[in-house]
>>> print(open('coords-v9.csv').read())   # CSV, C-alpha atoms and all ligand atoms
chain,number,residue,atom,x,y,z
A,12,MET,CA,43.4,13.6,-1.8
A,13,ASP,CA,39.8,12.8,-2.7
A,14,VAL,CA,39.4,9.1,-2.9
A,15,ILE,CA,35.7,9.1,-3.8
A,16,GLU,CA,34.2,11.8,-6.0
A,17,ALA,CA,30.7,12.4,-7.3
A,18,VAL,CA,30.1,15.5,-9.5
A,19,ASP,CA,26.6,16.5,-10.4
A,20,VAL,CA,25.6,12.8,-10.5
A,21,ARG,CA,22.2,11.7,-11.8
A,22,ARG,CA,20.5,8.4,-11.9
A,23,ARG,CA,17.3,7.7,-13.7
A,24,TYR,CA,15.7,4.2,-13.6
A,25,GLY,CA,13.9,2.6,-16.6
A,26,THR,CA,10.7,3.4,-14.7
A,27,GLY,CA,11.3,7.1,-15.2
A,28,CYS,CA,12.1,7.6,-11.5
A,29,GLU,CA,15.0,10.0,-11.1
A,30,ALA,CA,16.4,8.7,-7.9
A,31,VAL,CA,19.6,10.9,-7.9
A,32,ARG,CA,19.3,14.5,-9.1
A,33,GLY,CA,22.6,16.2,-9.3
A,34,VAL,CA,24.6,15.0,-6.3
A,35,SER,CA,28.1,16.2,-5.6
A,36,PHE,CA,30.5,15.3,-2.8
A,37,ALA,CA,34.0,14.2,-2.2
A,38,VAL,CA,35.5,11.8,0.4
A,39,ARG,CA,39.1,12.4,1.5
A,40,GLU,CA,41.6,9.7,2.1
A,41,GLY,CA,41.1,8.0,5.5
A,42,GLU,CA,37.8,9.7,6.2
A,43,VAL,CA,34.4,8.2,7.1
A,44,TYR,CA,31.7,9.9,5.1
A,45,ALA,CA,28.0,9.2,5.7
A,46,LEU,CA,25.1,9.6,3.3
A,47,LEU,CA,22.2,10.1,5.7
A,48,GLY,CA,18.6,10.2,4.8
A,49,ALA,CA,15.1,8.7,5.1
A,50,HIS,CA,14.0,5.7,3.1
A,51,GLY,CA,13.9,6.4,-0.6
A,52,ALA,CA,16.2,9.5,-0.4
A,53,GLY,CA,18.5,8.0,-3.0
A,54,LYS,CA,21.4,6.8,-0.9
A,55,THR,CA,21.7,3.3,-2.3
A,56,SER,CA,21.1,4.6,-5.8
A,57,THR,CA,24.1,6.9,-5.3
A,58,VAL,CA,26.4,4.3,-3.7
A,59,GLU,CA,25.7,1.8,-6.4
A,60,LEU,CA,27.1,4.2,-9.0
A,61,LEU,CA,30.3,4.5,-7.0
A,62,GLU,CA,30.5,0.7,-6.6
A,63,GLY,CA,30.4,0.5,-10.4
A,64,LEU,CA,27.2,-1.5,-10.4
A,65,ALA,CA,25.5,1.0,-12.7
A,66,ARG,CA,26.4,4.0,-14.9
A,67,PRO,CA,25.2,7.4,-13.9
A,68,SER,CA,22.7,9.0,-16.4
A,69,GLY,CA,24.5,12.3,-15.8
A,70,GLY,CA,27.6,13.6,-14.1
A,71,ARG,CA,30.8,11.9,-13.1
A,72,VAL,CA,31.9,9.4,-10.5
A,73,ARG,CA,35.5,8.6,-9.6
A,74,VAL,CA,37.0,6.1,-7.1
A,75,LEU,CA,40.7,6.2,-6.4
A,76,GLY,CA,40.8,8.5,-9.5
A,77,LEU,CA,39.3,5.9,-11.7
A,78,ASP,CA,35.9,5.3,-13.3
A,79,PRO,CA,34.4,2.5,-11.2
A,80,ARG,CA,32.4,1.1,-14.1
A,81,ALA,CA,34.6,1.5,-17.1
A,82,GLU,CA,37.8,0.6,-15.1
A,83,ARG,CA,36.1,-1.9,-12.9
A,84,ALA,CA,39.0,-4.4,-13.1
A,85,ARG,CA,41.4,-1.9,-11.6
A,86,VAL,CA,39.0,-0.4,-9.0
A,87,ARG,CA,37.3,-3.6,-7.7
A,88,PRO,CA,40.4,-5.2,-6.1
A,89,ARG,CA,41.0,-2.1,-4.1
A,90,THR,CA,37.5,-1.7,-2.7
A,91,GLY,CA,35.3,-3.6,-0.3
A,92,VAL,CA,31.5,-3.6,-0.6
A,93,LEU,CA,28.8,-4.3,1.9
A,94,LEU,CA,25.6,-4.4,0.0
A,95,GLN,CA,22.3,-3.6,1.7
A,96,ASP,CA,21.2,-7.2,1.2
A,97,GLY,CA,24.4,-9.3,1.3
A,98,GLY,CA,22.9,-12.4,-0.4
A,99,LEU,CA,24.9,-15.0,1.4
A,100,ALA,CA,24.6,-18.7,0.6
A,101,ALA,CA,22.4,-20.1,3.4
A,102,GLU,CA,23.8,-23.6,3.5
A,103,LEU,CA,27.5,-22.7,3.8
A,104,THR,CA,29.1,-22.3,7.2
A,105,VAL,CA,30.7,-19.0,8.3
A,106,ALA,CA,34.2,-20.3,7.7
A,107,GLU,CA,33.4,-21.7,4.3
A,108,THR,CA,31.8,-18.4,3.3
A,109,LEU,CA,34.8,-16.4,4.2
A,110,ARG,CA,37.2,-18.9,2.7
A,111,MET,CA,35.3,-18.6,-0.6
A,112,GLY,CA,35.5,-14.8,-0.4
A,113,ALA,CA,39.2,-15.1,0.3
A,114,GLY,CA,39.6,-17.3,-2.8
A,115,CYS,CA,38.3,-14.4,-5.0
A,116,VAL,CA,40.9,-11.8,-4.0
A,117,SER,CA,44.6,-11.6,-4.8
A,118,ARG,CA,46.0,-10.8,-1.3
A,119,PRO,CA,43.5,-12.1,1.2
A,120,ARG,CA,43.7,-11.6,4.9
A,121,ALA,CA,44.1,-14.7,7.1
A,122,THR,CA,40.5,-15.8,7.5
A,123,ASP,CA,41.0,-17.1,11.1
A,124,GLU,CA,42.3,-13.7,12.2
A,125,LEU,CA,39.5,-11.9,10.4
A,126,LEU,CA,36.8,-14.2,12.0
A,127,GLU,CA,38.3,-13.4,15.3
A,128,ARG,CA,38.1,-9.7,14.6
A,129,VAL,CA,34.4,-9.8,13.7
A,130,GLY,CA,33.6,-12.1,16.7
A,131,LEU,CA,32.8,-15.2,14.6
A,132,ALA,CA,35.7,-17.4,15.5
A,133,GLY,CA,35.6,-20.7,17.4
A,134,PRO,CA,32.3,-22.6,17.4
A,135,ARG,CA,30.5,-19.8,15.5
A,136,ALA,CA,32.8,-20.4,12.5
A,137,ASP,CA,31.1,-23.8,11.9
A,138,VAL,CA,27.5,-22.5,12.0
A,139,ARG,CA,25.5,-22.4,8.8
A,140,VAL,CA,24.8,-18.9,7.6
A,141,LYS,CA,21.0,-19.6,7.8
A,142,LEU,CA,21.3,-20.0,11.5
A,143,LEU,CA,23.1,-16.7,12.2
A,144,SER,CA,21.5,-13.8,13.9
A,145,GLY,CA,21.0,-10.6,11.9
A,146,ALA,CA,24.0,-9.0,13.6
A,147,GLU,CA,26.2,-12.0,13.0
A,148,ARG,CA,25.2,-12.1,9.3
A,149,ARG,CA,26.1,-8.4,9.0
A,150,ARG,CA,29.5,-9.0,10.7
A,151,LEU,CA,30.2,-11.9,8.3
A,152,GLU,CA,29.3,-9.7,5.3
A,153,LEU,CA,31.6,-7.0,6.7
A,154,ALA,CA,34.4,-9.6,7.0
A,155,LEU,CA,33.8,-10.5,3.3
A,156,ALA,CA,34.1,-6.8,2.5
A,157,LEU,CA,37.4,-6.6,4.4
A,158,VAL,CA,39.0,-9.8,3.3
A,159,GLY,CA,40.7,-8.3,0.3
A,160,ARG,CA,42.4,-5.5,2.3
A,161,PRO,CA,40.5,-2.7,0.7
A,162,GLU,CA,41.6,0.9,0.5
A,163,VAL,CA,38.0,2.0,0.2
A,164,LEU,CA,34.9,0.5,1.9
A,165,PHE,CA,31.4,1.0,0.7
A,166,LEU,CA,28.9,0.1,3.5
A,167,ASP,CA,25.2,0.3,2.5
A,168,GLU,CA,23.2,0.4,5.8
A,169,PRO,CA,25.9,-1.6,7.7
A,170,THR,CA,23.8,-2.1,10.8
A,171,ALA,CA,20.5,-3.0,9.1
A,172,GLY,CA,18.8,-5.9,10.9
A,173,THR,CA,21.0,-5.6,14.0
A,174,ASP,CA,20.1,-4.9,17.6
A,175,ALA,CA,21.8,-2.1,19.7
A,176,GLU,CA,24.7,-4.4,20.8
A,177,GLY,CA,25.2,-5.6,17.2
A,178,ARG,CA,25.2,-2.0,16.0
A,179,ARG,CA,28.0,-1.1,18.5
A,180,GLU,CA,30.1,-4.1,17.4
A,181,ILE,CA,29.8,-2.9,13.8
A,182,TRP,CA,30.6,0.6,14.7
A,183,ARG,CA,33.8,-0.7,16.4
A,184,LEU,CA,34.8,-2.5,13.3
A,185,VAL,CA,34.2,0.6,11.1
A,186,ARG,CA,36.3,2.7,13.5
A,187,GLU,CA,39.1,0.1,13.4
A,188,SER,CA,39.0,0.2,9.6
A,189,ARG,CA,39.3,3.9,9.6
A,190,ALA,CA,42.2,3.7,12.2
A,191,ALA,CA,43.9,1.4,9.7
A,192,GLY,CA,43.7,4.2,7.0
A,193,THR,CA,40.7,2.8,5.0
A,194,THR,CA,38.4,5.4,3.4
A,195,VAL,CA,34.7,4.6,4.2
A,196,LEU,CA,31.5,5.7,2.5
A,197,LEU,CA,28.4,4.5,4.4
A,198,THR,CA,24.7,5.0,4.0
A,199,THR,CA,22.4,5.1,7.0
A,200,HIS,CA,19.0,6.4,8.0
A,201,HIS,CA,20.1,6.3,11.7
A,202,LEU,CA,21.2,9.7,12.8
A,203,ALA,CA,23.0,8.2,15.8
A,204,GLU,CA,25.1,6.1,13.4
A,205,ALA,CA,26.2,9.1,11.3
A,206,GLU,CA,26.9,11.0,14.5
A,207,GLU,CA,28.9,8.2,15.9
A,208,LEU,CA,31.0,7.4,12.9
A,209,ALA,CA,31.1,10.1,10.3
A,210,ASP,CA,33.9,12.7,10.0
A,211,ARG,CA,31.6,14.4,7.5
A,212,LEU,CA,28.1,13.7,6.2
A,213,ALA,CA,25.6,14.6,3.6
A,214,ILE,CA,21.9,14.7,4.4
A,215,MET,CA,20.0,13.5,1.3
A,216,ARG,CA,16.4,14.2,0.5
A,217,GLY,CA,14.5,13.5,-2.7
A,218,GLY,CA,17.7,12.5,-4.6
A,219,ARG,CA,19.5,15.7,-3.6
A,220,ILE,CA,21.9,16.8,-0.9
A,221,ALA,CA,20.1,19.0,1.5
A,222,ALA,CA,23.1,19.8,3.7
A,223,ALA,CA,26.7,18.6,3.9
A,224,GLY,CA,29.7,19.1,6.1
A,225,THR,CA,31.0,18.1,9.5
A,226,PRO,CA,28.2,17.5,12.0
A,227,GLU,CA,29.2,20.9,13.5
A,228,GLU,CA,28.9,22.6,10.2
A,229,VAL,CA,25.5,21.1,9.4
A,230,THR,CA,24.1,22.1,12.7
A,231,ALA,CA,25.7,25.6,12.7
A,232,ALA,CA,23.8,26.3,9.5
A,233,ARG,CA,20.4,25.6,11.1
A,234,PRO,CA,18.4,28.0,13.3
A,235,SER,CA,18.8,28.0,17.0
A,236,ARG,CA,15.7,27.6,19.2
A,237,ILE,CA,14.5,29.7,22.1
A,238,ARG,CA,11.5,28.6,24.3
A,239,PHE,CA,9.7,30.0,27.3
A,240,THR,CA,6.3,30.2,28.8
A,241,LEU,CA,4.4,33.4,28.3
A,242,PRO,CA,4.0,35.2,31.7
A,243,ASP,CA,0.5,35.6,33.1
A,244,GLY,CA,-1.3,38.6,31.8
A,245,VAL,CA,0.9,38.9,28.7
A,246,ALA,CA,-0.8,38.3,25.3
A,247,PRO,CA,1.0,36.7,22.4
A,248,ALA,CA,0.4,39.7,20.3
A,249,HIS,CA,2.6,41.7,22.6
A,250,LEU,CA,5.7,39.7,22.1
A,251,PRO,CA,8.4,42.1,21.2
A,252,LEU,CA,10.0,40.0,18.6
A,253,SER,CA,11.2,41.0,15.2
A,254,VAL,CA,11.7,37.3,14.6
A,255,PRO,CA,8.8,35.0,13.9
A,256,ALA,CA,7.5,33.1,17.0
A,257,ALA,CA,5.1,30.2,17.3
A,258,VAL,CA,2.8,30.1,20.3
A,259,ASP,CA,1.2,26.9,21.5
A,260,GLY,CA,-1.1,27.6,24.5
A,261,ARG,CA,1.3,29.6,26.7
A,262,ARG,CA,4.5,28.1,25.3
A,263,VAL,CA,6.5,30.3,22.9
A,264,GLU,CA,9.0,28.9,20.5
A,265,ILE,CA,11.3,31.1,18.3
A,266,ARG,CA,13.6,29.8,15.6
A,267,THR,CA,16.4,32.2,14.8
A,268,GLU,CA,19.7,32.3,13.1
A,269,ARG,CA,20.6,35.3,15.3
A,270,MET,CA,20.4,33.7,18.7
A,271,GLN,CA,22.2,36.4,20.6
A,272,GLU,CA,20.2,39.3,19.3
A,273,ALA,CA,16.9,37.5,19.7
A,274,LEU,CA,17.8,36.5,23.3
A,275,THR,CA,18.9,40.0,24.2
A,276,GLU,CA,15.7,41.4,22.9
A,277,ILE,CA,13.6,38.9,24.9
A,278,LEU,CA,15.5,39.4,28.1
A,279,LEU,CA,15.3,43.2,27.9
A,280,TRP,CA,11.6,43.0,27.2
A,281,ALA,CA,11.1,40.7,30.2
A,282,ARG,CA,13.1,43.1,32.4
A,283,ALA,CA,11.1,46.1,31.2
A,284,LEU,CA,7.9,44.3,32.0
A,285,ASP,CA,9.3,43.0,35.3
A,286,VAL,CA,8.2,39.4,34.4
A,287,THR,CA,9.9,36.1,34.8
A,288,LEU,CA,10.1,33.8,31.7
A,289,ASP,CA,9.5,30.4,33.1
A,290,GLY,CA,11.1,27.5,31.3
A,291,LEU,CA,13.4,29.7,29.4
A,292,ASP,CA,15.6,27.6,27.2
A,293,ALA,CA,17.9,28.7,24.4
A,294,ARG,CA,20.0,26.3,22.4
A,295,ALA,CA,21.8,25.7,19.2
A,296,ALA,CA,20.3,23.1,16.8
A,297,SER,CA,21.3,19.6,17.5
A,298,LEU,CA,22.2,17.3,14.6
A,299,GLU,CA,18.9,15.5,15.3
A,300,GLU,CA,17.0,18.8,14.8
A,301,ALA,CA,18.9,19.7,11.7
A,302,PHE,CA,18.2,16.2,10.3
A,303,LEU,CA,14.5,16.2,11.1
A,304,ASP,CA,14.2,19.7,9.9
A,305,LEU,CA,15.9,19.0,6.6
A,306,VAL,CA,14.4,15.6,6.0
A,307,TYR,CA,10.8,16.1,7.1
A,308,ALA,CA,9.9,19.7,7.8
A,309,GLY,CA,12.2,20.6,4.9
A,310,ALA,CA,9.6,19.3,2.6
A,311,ALA,CA,7.5,22.3,3.6
A,312,ASP,CA,10.4,24.5,2.6
A,313,ASP,CA,10.2,23.0,-0.9
A,314,ARG,CA,6.4,23.6,-1.0
A,315,ASP,CA,5.9,27.1,0.3
A,316,GLY,CA,9.1,28.4,1.8
A,317,GLU,CA,7.5,28.7,5.2
A,318,GLY,CA,10.3,26.9,7.0
A,319,TRP,CA,8.5,24.9,9.6
A,320,PRO,CA,4.9,24.1,10.3
A,321,GLY,CA,2.7,25.9,12.7
A,322,ARG,CA,4.6,29.2,12.5
A,323,THR,CA,2.8,32.4,13.4
A,324,GLY,CA,4.5,35.7,12.7
A,325,TYR,CA,4.6,38.3,15.5
A,326,GLY,CA,6.3,41.5,14.4
A,327,GLY,CA,6.9,44.5,16.5
A,328,GLY,CA,9.5,45.5,19.0
A,329,TYR,CA,9.4,47.9,21.8
A,330,GLY,CA,7.2,50.2,19.7
A,331,ASN,CA,4.4,47.8,20.4
A,332,GLY,CA,3.8,49.2,23.8
A,333,PRO,CA,4.3,47.7,27.2
A,334,GLY,CA,3.0,44.3,26.1
A,335,VAL,CA,0.8,43.6,29.2
A,336,SER,CA,-2.8,42.9,28.5
A,337,ALA,CA,-5.3,44.8,30.5
A,401,LIG,N1,15.6,-0.7,-9.4
A,401,LIG,C1,14.8,0.4,-9.2
A,401,LIG,N2,13.9,0.7,-10.2
A,401,LIG,C2,13.1,1.8,-10.1
A,401,LIG,N3,13.1,2.7,-9.0
A,401,LIG,C3,14.0,2.4,-8.0
A,401,LIG,C4,14.9,1.3,-8.1
A,401,LIG,N4,15.6,1.3,-7.0
A,401,LIG,C5,15.3,2.3,-6.3
A,401,LIG,N5,14.3,3.0,-6.9
A,401,LIG,C6,13.6,4.2,-6.4
A,401,LIG,O1,14.6,5.3,-6.3
A,401,LIG,C7,14.4,6.1,-5.1
A,401,LIG,C8,15.6,6.1,-4.2
A,401,LIG,O2,15.8,4.7,-3.7
A,401,LIG,P1,17.1,4.3,-2.9
A,401,LIG,O3,16.9,2.8,-2.6
A,401,LIG,O4,18.3,4.8,-3.7
A,401,LIG,O5,16.9,5.2,-1.6
A,401,LIG,P2,17.6,5.0,-0.2
A,401,LIG,O6,17.9,6.3,0.3
A,401,LIG,O7,18.8,4.1,-0.3
A,401,LIG,O8,16.5,4.3,0.6
A,401,LIG,P3,16.6,3.0,1.6
A,401,LIG,O9,17.1,3.5,2.9
A,401,LIG,O10,15.2,2.6,1.7
A,401,LIG,O11,17.4,2.0,0.9
A,401,LIG,C9,13.1,5.5,-4.5
A,401,LIG,O12,12.0,6.3,-4.9
A,401,LIG,C10,13.0,4.1,-5.0
A,401,LIG,O13,11.7,3.7,-5.1
>>> encode(input="coords-v9.csv", output="structure tokens", more="lines below")
Ligand SMILES: Nc1ncnc2c1ncn2[C@@H]1O[C@H](COP(=O)(O)OP(=O)(O)OP(=O)(O)O)[C@@H](O)[C@H]1O
Amino acid sequence: MDVIEAVDVRRRYGTGCEAVRGVSFAVREGEVYALLGAHGAGKTSTVELLEGLARPSGGRVRVLGLDPRAERARVRPRTGVLLQDGGLAAELTVAETLRMGAGCVSRPRATDELLERVGLAGPRADVRVKLLSGAERRRLELALALVGRPEVLFLDEPTAGTDAEGRREIWRLVRESRAAGTTVLLTTHHLAEAEELADRLAIMRGGRIAAAGTPEEVTAARPSRIRFTLPDGVAPAHLPLSVPAAVDGRRVEIRTERMQEALTEILLWARALDVTLDGLDARAASLEEAFLDLVYAGAADDRDGEGWPGRTGYGGGYGNGPGVSA
């Protein structure tokens, strides 16, 4: 069952900025789904619509089958929200803050047990919020999101302001929530975070979804890369490739969706010339490459369809002759 649904959703601010431009995705029960993108991609603007904080200017959002804004009273008790900026009261202690949160929900978790779980029990429970580290604040905010036993968790940049260790702690808590059956939608601009946590993800750029699926599906749709060093005496113009290649000094880089064909062509060419291809390296795209490609180089796709910067086309094939310069 789809617990969270966005269908062709749009959001235009009063300033005229259209931050969300026709976004569609669905999150299944018990799944962790990440909206991944650079700053300003439209992640928060999208999640806020699902949290019921604003109404979409177009399209449709549903949480647990309900309209999160029009039916807020029914949706809110079943969801937990971690905002990008939690806005905690600085003078309250950790325990006071969580007790206050517990007072606002109908079936609160035991606050002592929850503080234990997020690593803020014992002496840390009596510390004022203003004295907490960034990671501790985030864990307290997460405890507040969890105190009402939510079926759905919205986590906007859950590890913002935390160090590497703090990040791992929060990742552990997110995994525990998933293991308990909670459906999680999170936003992040950290690729590692999406890789670590997400069952499926959508990469956002300019208010749209540039790619979506499991990490494997997203990378499978991106071109593989073959690299090698041009052998001495071989000119770039004699490369036998029917696929476009880029040459930087003596280094050759080929991006291709037909890895096996391109690699076969290169190896046969090298054997015909009796040359060794130093540094030969062929690999499928990593999620990081897909992300960088879609989020940054992808802007070039929008402009001119060139695909990636610095590309030089070398056509040909074996018809080009032996390929060894005189
Ligand atoms: N209240 C607002 N009024 C006008 N424009 C806004 C408002 N909030 C966000 N925007 C604009 O909408 C676009 C998307 O912003 P949004 O915060 O949704 O992106 P994001 O992907 O969550 O980025 P970040 O990781 O920095 O939070 C940006 O161009 C931003 O400037």
>>> closest_residue(input="coords-v9.csv", among="A:Arg80, A:Pro234, A:Leu184, A:Val38", to="Glu127 (chain A)", atoms="only C-alpha atoms")
A:Leu184
>>> closest_atom_pairs(input="coords-v9.csv", of="chain A", to="ligand LIG 401 (chain A)", cutoff="8 Å", atoms="only C-alpha atoms and all ligand atoms", output="tab-separated table")
residue	atom	partner	partner_atom	distance
A:Tyr24	CA	A:LIG401	C2	5.0
A:Gly25	CA	A:LIG401	C2	6.6
A:Thr26	CA	A:LIG401	C2	5.4
A:Gly27	CA	A:LIG401	C2	7.6
A:Cys28	CA	A:LIG401	N3	5.6
A:Glu29	CA	A:LIG401	O1	6.7
A:Ala30	CA	A:LIG401	O1	4.2
A:Val31	CA	A:LIG401	C8	7.3
A:Leu47	CA	A:LIG401	O6	7.9
A:Gly48	CA	A:LIG401	O6	6.0
A:Ala49	CA	A:LIG401	O9	6.0
A:His50	CA	A:LIG401	O10	3.6
A:Gly51	CA	A:LIG401	O5	3.4
A:Ala52	CA	A:LIG401	O6	3.7
A:Gly53	CA	A:LIG401	O4	3.3
A:Lys54	CA	A:LIG401	O6	3.7
A:Thr55	CA	A:LIG401	O7	3.6
A:Ser56	CA	A:LIG401	O4	3.5
A:Thr57	CA	A:LIG401	O4	6.4
A:Gln95	CA	A:LIG401	O11	7.5
A:Asp167	CA	A:LIG401	O7	8.0
A:Glu168	CA	A:LIG401	O9	7.4
A:Thr198	CA	A:LIG401	O7	7.4
A:Thr199	CA	A:LIG401	O9	6.9
A:His200	CA	A:LIG401	O9	6.2
A:Met215	CA	A:LIG401	O6	7.6
A:Gly217	CA	A:LIG401	C8	7.6
A:Gly218	CA	A:LIG401	C8	6.7
>>> write_last_selection(input="coords-v9.csv", atoms="C-alpha atoms", output="PDB file, keeping the file's coordinate frame")
ATOM      1  CA  TYR A  24      15.700   4.200 -13.600  1.00  0.00           C
ATOM      2  CA  GLY A  25      13.900   2.600 -16.600  1.00  0.00           C
ATOM      3  CA  THR A  26      10.700   3.400 -14.700  1.00  0.00           C
ATOM      4  CA  GLY A  27      11.300   7.100 -15.200  1.00  0.00           C
ATOM      5  CA  CYS A  28      12.100   7.600 -11.500  1.00  0.00           C
ATOM      6  CA  GLU A  29      15.000  10.000 -11.100  1.00  0.00           C
ATOM      7  CA  ALA A  30      16.400   8.700  -7.900  1.00  0.00           C
ATOM      8  CA  VAL A  31      19.600  10.900  -7.900  1.00  0.00           C
ATOM      9  CA  LEU A  47      22.200  10.100   5.700  1.00  0.00           C
ATOM     10  CA  GLY A  48      18.600  10.200   4.800  1.00  0.00           C
ATOM     11  CA  ALA A  49      15.100   8.700   5.100  1.00  0.00           C
ATOM     12  CA  HIS A  50      14.000   5.700   3.100  1.00  0.00           C
ATOM     13  CA  GLY A  51      13.900   6.400  -0.600  1.00  0.00           C
ATOM     14  CA  ALA A  52      16.200   9.500  -0.400  1.00  0.00           C
ATOM     15  CA  GLY A  53      18.500   8.000  -3.000  1.00  0.00           C
ATOM     16  CA  LYS A  54      21.400   6.800  -0.900  1.00  0.00           C
ATOM     17  CA  THR A  55      21.700   3.300  -2.300  1.00  0.00           C
ATOM     18  CA  SER A  56      21.100   4.600  -5.800  1.00  0.00           C
ATOM     19  CA  THR A  57      24.100   6.900  -5.300  1.00  0.00           C
ATOM     20  CA  GLN A  95      22.300  -3.600   1.700  1.00  0.00           C
ATOM     21  CA  ASP A 167      25.200   0.300   2.500  1.00  0.00           C
ATOM     22  CA  GLU A 168      23.200   0.400   5.800  1.00  0.00           C
ATOM     23  CA  THR A 198      24.700   5.000   4.000  1.00  0.00           C
ATOM     24  CA  THR A 199      22.400   5.100   7.000  1.00  0.00           C
ATOM     25  CA  HIS A 200      19.000   6.400   8.000  1.00  0.00           C
ATOM     26  CA  MET A 215      20.000  13.500   1.300  1.00  0.00           C
ATOM     27  CA  GLY A 217      14.500  13.500  -2.700  1.00  0.00           C
ATOM     28  CA  GLY A 218      17.700  12.500  -4.600  1.00  0.00           C
TER      29      GLY A 218
END
>>> residues_around(input="coords-v9.csv", residues="region 111-119 of chain A", least_positions_apart="6", cutoff="8 Å", atoms="all atoms listed in the file", output="short mmCIF file (atom, residue, chain, number, x, y, z; two decimals) with C-alpha atoms, in the coordinates of the input")
data_model
loop_
_atom_site.label_atom_id
_atom_site.label_comp_id
_atom_site.auth_asym_id
_atom_site.auth_seq_id
_atom_site.Cartn_x
_atom_site.Cartn_y
_atom_site.Cartn_z
CA PRO A 88 40.40 -5.20 -6.10
CA LEU A 155 33.80 -10.50 3.30
CA VAL A 158 39.00 -9.80 3.30
CA GLY A 159 40.70 -8.30 0.30
CA ARG A 160 42.40 -5.50 2.30
#
>>> atom_distance(input="coords-v9.csv", atom1="CA of Glu299 (chain A)", atom2="CA of Leu61 (chain A)")
27.4 Å
>>> atom_distance(input="coords-v9.csv", atom1="CA of Leu166 (chain A)", atom2="CA of Leu109 (chain A)")
17.5 Å
